[in-house]
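First the structure, in the form of structure tokens, and then the observations on it.
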Amino acid sequence: MPASSRTSSPHSSLSSTERPTCTIKVWAHPGSKEERIAWATWRTSWEVHVKARAVEGEANEAVVDLLSRALAVRPDRIRLLSGARNREKTFRILGLSEEEARARLGRSR
């Protein structure tokens, strides 16, 4: 390994081109009266309420848009990993650690 790529930081396993990523589980509530995000302790996931209906991916797009605004990341940094046709979904957030994502979502309540 070249000396320039070695570091003593706590993130030494990350190369300079890698960014933190995290996954979050959400439970989507399409067709809600208001858009909001709240932690559901009993589900151990975030409840994401969106106005869009679950028709032709509209609710999924609305969930990504709301997460994007709450997390202050571009929508293209949010990837749906599972649950495209379910209320239970898993997203990968590029560029945020789990701690950062929890803190930002906690402020969006």
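Here, A, B, ... name the chains of the structure tokens in the order displayed, residue numbers run from 1 inside each chain, and ligands are numbered from 1 in the same displayed order.
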Hey, what's within 12 Å of Arg69 in chain A if we count only C-alpha atoms and toss same-chain stuff fewer than 5 positions away? As a list in words, please? Glu35, Arg36, Ile37, Ala62, Val63, Val64, Arg74, Pro75, Arg77, Ile78, Ala101, Arg104, Leu105, Arg107 and Ser108 of chain A
Q | Selection: 12 Å around Thr44 in chain A, only C-alpha atoms, excl. self and same-chain fewer than 2 positions, as a ChimeraX atom specification | A | /A:24-27,38-42,46-47,88
Measuring atom to atom with only C-alpha atoms, identify which of A:Thr23, A:Asn60, A:Ser45, A:Ser32 is nearest to Arg85 in chain A.
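Distance minimum relative to Arg85 in chain A lands on A:Asn60.
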query: Where does DSSP see strand (DSSP E) in chain A, if you list the residues as a ChimeraX atom specification?
result: /A:21-29,36-40,45-49,78-82,88-94
When DSSP works through the backbone of this structure, what residues of chain A end up as helix (DSSP H, G or I), shown as an mmCIF file with N, CA and C atoms, in the first residue's frame?
data_model
loop_
_atom_site.group_PDB
_atom_site.id
_atom_site.type_symbol
_atom_site.label_atom_id
_atom_site.label_comp_id
_atom_site.auth_asym_id
_atom_site.auth_seq_id
_atom_site.Cartn_x
_atom_site.Cartn_y
_atom_site.Cartn_z
ATOM 1 N N ALA A 3 2.383 4.843 0.772
ATOM 2 C CA ALA A 3 2.366 5.605 2.022
ATOM 3 C C ALA A 3 1.319 6.700 1.999
ATOM 4 N N SER A 4 1.019 7.271 0.840
ATOM 5 C CA SER A 4 0.057 8.364 0.772
ATOM 6 C C SER A 4 -1.368 7.917 1.076
ATOM 7 N N SER A 5 -1.674 6.621 0.935
ATOM 8 C CA SER A 5 -3.039 6.169 1.192
ATOM 9 C C SER A 5 -3.217 5.635 2.613
ATOM 10 N N GLU A 58 -45.462 6.285 -7.641
ATOM 11 C CA GLU A 58 -45.559 7.669 -7.167
ATOM 12 C C GLU A 58 -45.231 7.788 -5.683
ATOM 13 N N ALA A 59 -45.695 6.848 -4.881
ATOM 14 C CA ALA A 59 -45.415 6.902 -3.442
ATOM 15 C C ALA A 59 -43.924 6.695 -3.181
ATOM 16 N N ASN A 60 -43.291 5.789 -3.903
ATOM 17 C CA ASN A 60 -41.851 5.575 -3.729
ATOM 18 C C ASN A 60 -41.077 6.847 -4.040
ATOM 19 N N GLU A 61 -41.453 7.531 -5.122
ATOM 20 C CA GLU A 61 -40.793 8.790 -5.477
ATOM 21 C C GLU A 61 -41.013 9.838 -4.391
ATOM 22 N N ALA A 62 -42.216 9.881 -3.828
ATOM 23 C CA ALA A 62 -42.518 10.849 -2.776
ATOM 24 C C ALA A 62 -41.729 10.533 -1.508
ATOM 25 N N VAL A 63 -41.551 9.250 -1.198
ATOM 26 C CA VAL A 63 -40.756 8.862 -0.025
ATOM 27 C C VAL A 63 -39.311 9.301 -0.221
ATOM 28 N N VAL A 64 -38.755 9.057 -1.398
ATOM 29 C CA VAL A 64 -37.381 9.478 -1.685
ATOM 30 C C VAL A 64 -37.262 10.994 -1.580
ATOM 31 N N ASP A 65 -38.236 11.724 -2.106
ATOM 32 C CA ASP A 65 -38.203 13.186 -2.050
ATOM 33 C C ASP A 65 -38.240 13.684 -0.604
ATOM 34 N N LEU A 66 -39.123 13.106 0.215
ATOM 35 C CA LEU A 66 -39.218 13.531 1.612
ATOM 36 C C LEU A 66 -37.952 13.173 2.386
ATOM 37 N N LEU A 67 -37.424 11.968 2.174
ATOM 38 C CA LEU A 67 -36.161 11.594 2.820
ATOM 39 C C LEU A 67 -35.036 12.516 2.384
ATOM 40 N N SER A 68 -35.013 12.866 1.108
ATOM 41 C CA SER A 68 -33.991 13.756 0.586
ATOM 42 C C SER A 68 -34.009 15.099 1.305
ATOM 43 N N ARG A 69 -35.204 15.651 1.463
ATOM 44 C CA ARG A 69 -35.323 16.948 2.154
ATOM 45 C C ARG A 69 -34.945 16.823 3.632
ATOM 46 N N ALA A 70 -35.403 15.772 4.300
ATOM 47 C CA ALA A 70 -35.126 15.607 5.732
ATOM 48 C C ALA A 70 -33.652 15.337 5.996
ATOM 49 N N LEU A 71 -33.004 14.588 5.090
ATOM 50 C CA LEU A 71 -31.598 14.234 5.280
ATOM 51 C C LEU A 71 -30.637 15.245 4.668
ATOM 52 N N PRO A 75 -31.630 13.604 -4.076
ATOM 53 C CA PRO A 75 -32.423 12.382 -4.262
ATOM 54 C C PRO A 75 -31.649 11.249 -4.926
ATOM 55 N N ASP A 76 -30.680 11.575 -5.785
ATOM 56 C CA ASP A 76 -29.923 10.511 -6.449
ATOM 57 C C ASP A 76 -28.939 9.816 -5.506
ATOM 58 N N ARG A 77 -28.815 10.293 -4.266
ATOM 59 C CA ARG A 77 -27.973 9.658 -3.248
ATOM 60 C C ARG A 77 -28.783 8.658 -2.416
ATOM 61 N N GLU A 98 -24.694 6.311 9.641
ATOM 62 C CA GLU A 98 -25.942 6.015 10.356
ATOM 63 C C GLU A 98 -26.232 7.073 11.417
ATOM 64 N N GLU A 99 -25.199 7.528 12.115
ATOM 65 C CA GLU A 99 -25.382 8.536 13.161
ATOM 66 C C GLU A 99 -25.904 9.844 12.581
ATOM 67 N N GLU A 100 -25.322 10.261 11.451
ATOM 68 C CA GLU A 100 -25.774 11.496 10.806
ATOM 69 C C GLU A 100 -27.227 11.375 10.344
ATOM 70 N N ALA A 101 -27.557 10.238 9.747
ATOM 71 C CA ALA A 101 -28.925 10.038 9.256
ATOM 72 C C ALA A 101 -29.920 10.058 10.410
ATOM 73 N N ARG A 102 -29.609 9.362 11.507
ATOM 74 C CA ARG A 102 -30.520 9.360 12.669
ATOM 75 C C ARG A 102 -30.700 10.767 13.221
ATOM 76 N N ALA A 103 -29.615 11.501 13.315
ATOM 77 C CA ALA A 103 -29.704 12.870 13.841
ATOM 78 C C ALA A 103 -30.552 13.755 12.940
ATOM 79 N N ARG A 104 -30.365 13.662 11.637
ATOM 80 C CA ARG A 104 -31.123 14.502 10.714
ATOM 81 C C ARG A 104 -32.597 14.106 10.669
ATOM 82 N N LEU A 105 -32.889 12.812 10.703
ATOM 83 C CA LEU A 105 -34.274 12.373 10.700
ATOM 84 C C LEU A 105 -34.965 12.723 12.016
ATOM 85 N N GLY A 106 -34.237 12.684 13.093
ATOM 86 C CA GLY A 106 -34.782 13.039 14.388
ATOM 87 C C GLY A 106 -35.230 14.486 14.443
ATOM 88 N N ARG A 107 -34.534 15.353 13.699
ATOM 89 C CA ARG A 107 -34.900 16.773 13.646
ATOM 90 C C ARG A 107 -36.114 17.002 12.759
#
### Message
Set the distance at 12 Å and use only C-alpha atoms: which residues neighbour Lys33 in chain A once local chain neighbours fewer than 5 positions away are removed? I'd like the list as a list in words.
### Response
His49, Val50, Lys51, Ala52 and Arg53 of chain A
_Under the rule that only C-alpha atoms are counted, which of A:Cys22, A:Leu80, A:Val48, A:Ala28 is the nearest residue to Gly95 in chain A?_
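Nearest to Gly95 in chain A: A:Cys22.
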